[in-house]
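Novice: Just passing along the structure, written as structure tokens.
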Amino acid sequence: MTLTHQEAGRTPERPASAPRARRGRRSRRRWAHLVYVAPALLMYGFFVLKPLVTSVQYSLYDWNGIGPATWVGLDNYRRVLTDPDQLSIVGHAFELIIFFTAVPVFLGLVAAALMHGLPQGSFSTVARTVLFIPQVIPLVAAGIVWDWVYSSDGIANQLLSAVGLGGVTRPWLADFSAALPAVGLIGSWVMLGLCTLLLLTGINKIDPSLYEAARIDGANRFREFVHITLPGLRREIGVCVTVTMIAALASFDIIYISTQGGPGRSTMVPGVEIYRLAFTQREIGQASAMAVILMVLVLVTIVPIQRLTQRSDA
Amino acid sequence: MTAPRRDQLAGKALLVLFMVLTLIPFATLLSTALQPAGSIPTGFSWPSDPQWGNFAEAWRIAHLAPLIKSSLLIAVGVVPASLVLATLAGYGLATLKIPFSNLIFVVFLLGLTIPFESLITPLYYQMDSLGLLNTRWALVLPLIALYMPFGVFWMRAHFLTVPAELSEAAFIDGAGTWRTFRHIHLPLALPALSSLAILLFLWTWNQFVLAIVMVDDPLKRTMAGALGAFQGQYGTDIVLLSAGALLIMAPTIVVFVIFQRQFSRALLQGAVKG
């Protein structure tokens, strides 16, 4: 939207048949304008792009960080993509998407659909304040809080016993099959407020007359949701999905604090594995291969979603 | 037309449920923090004799005062520099004709998707060779760069909304690009800048993975990085850990509640633009 505006504003001042002298002056000025971008670009180049290239370079070697490095070609990648243990780590990241993305987006949509057109008031101010708190505290703190919630004496088990489900109580984060969903629910808790508030803000921007027209046409609530609410919220849904998916695939803080990837390797995710390989196992090459694969995973997951939801006609 | 009343009530009830779910973990943390030190409490039980003194004890052993200072120093290193660089670049990319500007912008955009963990290993060795490991510079310099894609994206988006006629009028009056920027664009950019400042501050304060990799001494880390070390040290004393965790969270929550409106706007816009 803003992009087209800019192009429109620019075209008329780019005459193809401008006199040579003028064009020369203009092109000098254009190069001079680089000084505005150069400082940011230099910083970004030196501390993001350069390490990025180094990462790819490391990933082709076997190196312990101190001694000499041995060239191993694509062996490190082969290991990540064929070793069942390494593959399961990538699998965990995708499982987390269910909890980080699907749960909060679904619940947020339900809340938004029920409340469209709700006037602003003190209730919405309180709701906004409370629901944003998980976004404001460090994720590390969320990990510590939930570590306690899930412990044997924690409130999760206390509540389960109170409703007669004493049989299923357990130290959730120490249980091989329950730990990953339990960690995932921490992500749901963090993301729920953000998604709900984004969707609520979005639904209030949908033209109310659309709903009016639908109701006059006799559309039921479900059709109304499918034909007006969902398309109207396409952009906001895209944002929620993008933000939460990056958070799921690149999760680190919560898992590092609550389970360290355990019990066993049942909650190990790429981010924590990179850290473990690089800084405790001293397998820099292997860590870097995982790092590159993680970057590619995020990119190939996010770009199609952006294409699908952020078209300028939205 | 607004939703039917029945639906709105159901919606409100659902939001209240969400709020309760959001707050329960904090309630159990608080009730635990007030138990007698060294006791083994259960999930949620309000103590008969709340031990508020636990917070004083946690404040002391968590070294909160030097920690707040350290986090502030890091934020002061990161936020203003990021704002200046991102604003200049955003202005350049949005309103000036720059060779390869589309390519430059795409290169910045790609940075939005790079997980920090993917860069920590090379950054560690880079900082090592610069002799900056275990100093706050090892956090400040990479963070400025890592936040740059978002900052540039954010400021460029803002400058694109400023009508081109404004700059054209200034050019005709003989103002150069710098004076146009300084006197016309910068004042108009203040709201966008303050939202960006809030987000950058929050992200710096809460930054964890870089802090634990680059700096061994928890007292030179960010608040979040220190919290990790605190957990490692006092993980078995759940009462003290709860009190310490609440104290370490408190500054962001307090600042958030005070600037609730600005924060919410920044967070919502930040998500939409990010």
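Letters A, B, ... go to the chains of the structure tokens in the order shown; residues in each chain start at 1; ligands are counted from 1 in the same order.
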Residues of chain A no more than 6 Å from chain B, counting only C-alpha atoms: send them over as a list in words.
Specialist: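 Residues satisfying the distance criterion: Arg30, His33, Tyr36, Val37, Ala40, Met43, Tyr44, Phe47, Pro51, Ser55, Ala111, Leu114, Met115, His116, Gly117, Ile137, Pro138, Asp153, Gly154, Ile155, Pro208, Glu212, Val239, Ala250, Gly271, Ala291 and Met295 of chain A.
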Novice: Using C-alpha atoms, can you write the selected residues to a file as a PDB file, in the first residue's frame?
Specialist:
```
ATOM      1  CA  ARG A  30      22.499   9.606  -5.793  1.00  0.00           C
ATOM      2  CA  HIS A  33      22.945   9.744  -0.683  1.00  0.00           C
ATOM      3  CA  TYR A  36      22.535   7.971   4.943  1.00  0.00           C
ATOM      4  CA  VAL A  37      22.426   4.215   4.582  1.00  0.00           C
ATOM      5  CA  ALA A  40      23.514   1.085   9.254  1.00  0.00           C
ATOM      6  CA  MET A  43      27.110  -2.205  11.261  1.00  0.00           C
ATOM      7  CA  TYR A  44      24.727  -4.787   9.841  1.00  0.00           C
ATOM      8  CA  PHE A  47      27.936  -8.016  12.917  1.00  0.00           C
ATOM      9  CA  PRO A  51      28.978 -13.912  10.964  1.00  0.00           C
ATOM     10  CA  SER A  55      28.623 -19.685   9.950  1.00  0.00           C
ATOM     11  CA  ALA A 111     -12.552 -14.182  21.108  1.00  0.00           C
ATOM     12  CA  LEU A 114     -17.472 -12.994  19.562  1.00  0.00           C
ATOM     13  CA  MET A 115     -16.551  -9.437  20.376  1.00  0.00           C
ATOM     14  CA  HIS A 116     -16.436  -7.536  17.113  1.00  0.00           C
ATOM     15  CA  GLY A 117     -17.641  -4.008  17.513  1.00  0.00           C
ATOM     16  CA  ILE A 137       8.497 -10.028  30.882  1.00  0.00           C
ATOM     17  CA  PRO A 138      11.662 -11.826  29.780  1.00  0.00           C
ATOM     18  CA  ASP A 153       4.019 -29.683  44.035  1.00  0.00           C
ATOM     19  CA  GLY A 154       2.992 -27.101  41.466  1.00  0.00           C
ATOM     20  CA  ILE A 155      -0.394 -25.609  40.798  1.00  0.00           C
ATOM     21  CA  PRO A 208     -19.589  -2.997  10.232  1.00  0.00           C
ATOM     22  CA  GLU A 212     -25.204  -5.799   8.512  1.00  0.00           C
ATOM     23  CA  VAL A 239       1.163 -11.383  11.267  1.00  0.00           C
ATOM     24  CA  ALA A 250      13.750 -20.384  16.933  1.00  0.00           C
ATOM     25  CA  GLY A 271      18.299 -23.303  19.144  1.00  0.00           C
ATOM     26  CA  ALA A 291      22.433 -22.979  12.569  1.00  0.00           C
ATOM     27  CA  MET A 295      17.898 -20.155   9.157  1.00  0.00           C
TER      28      MET A 295
END
```
Novice: Identify which of the residues B:Leu190, B:Ser195, B:Ile74, B:Ala37 lies closest to B:Ala56, counting only C-alpha atoms when measuring atom-to-atom distances.
Specialist: B:Ala37
Novice: Please measure the separation of atom CA of A:Ile133 and atom CA of A:Gly238, giving the value in Å to one decimal.
Specialist: 22.4 Å
Novice: Which is closest to B:Leu30 among A:Val145, A:Val130, A:Val140, A:Leu49, if we use only C-alpha atoms?
Specialist: A:Val145
Novice: Rounded to one decimal place, report the atom CA of A:Gly264-atom CA of A:Ala102 distance in Å.
Specialist: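 Between these atoms lies a distance of 26.4 Å.
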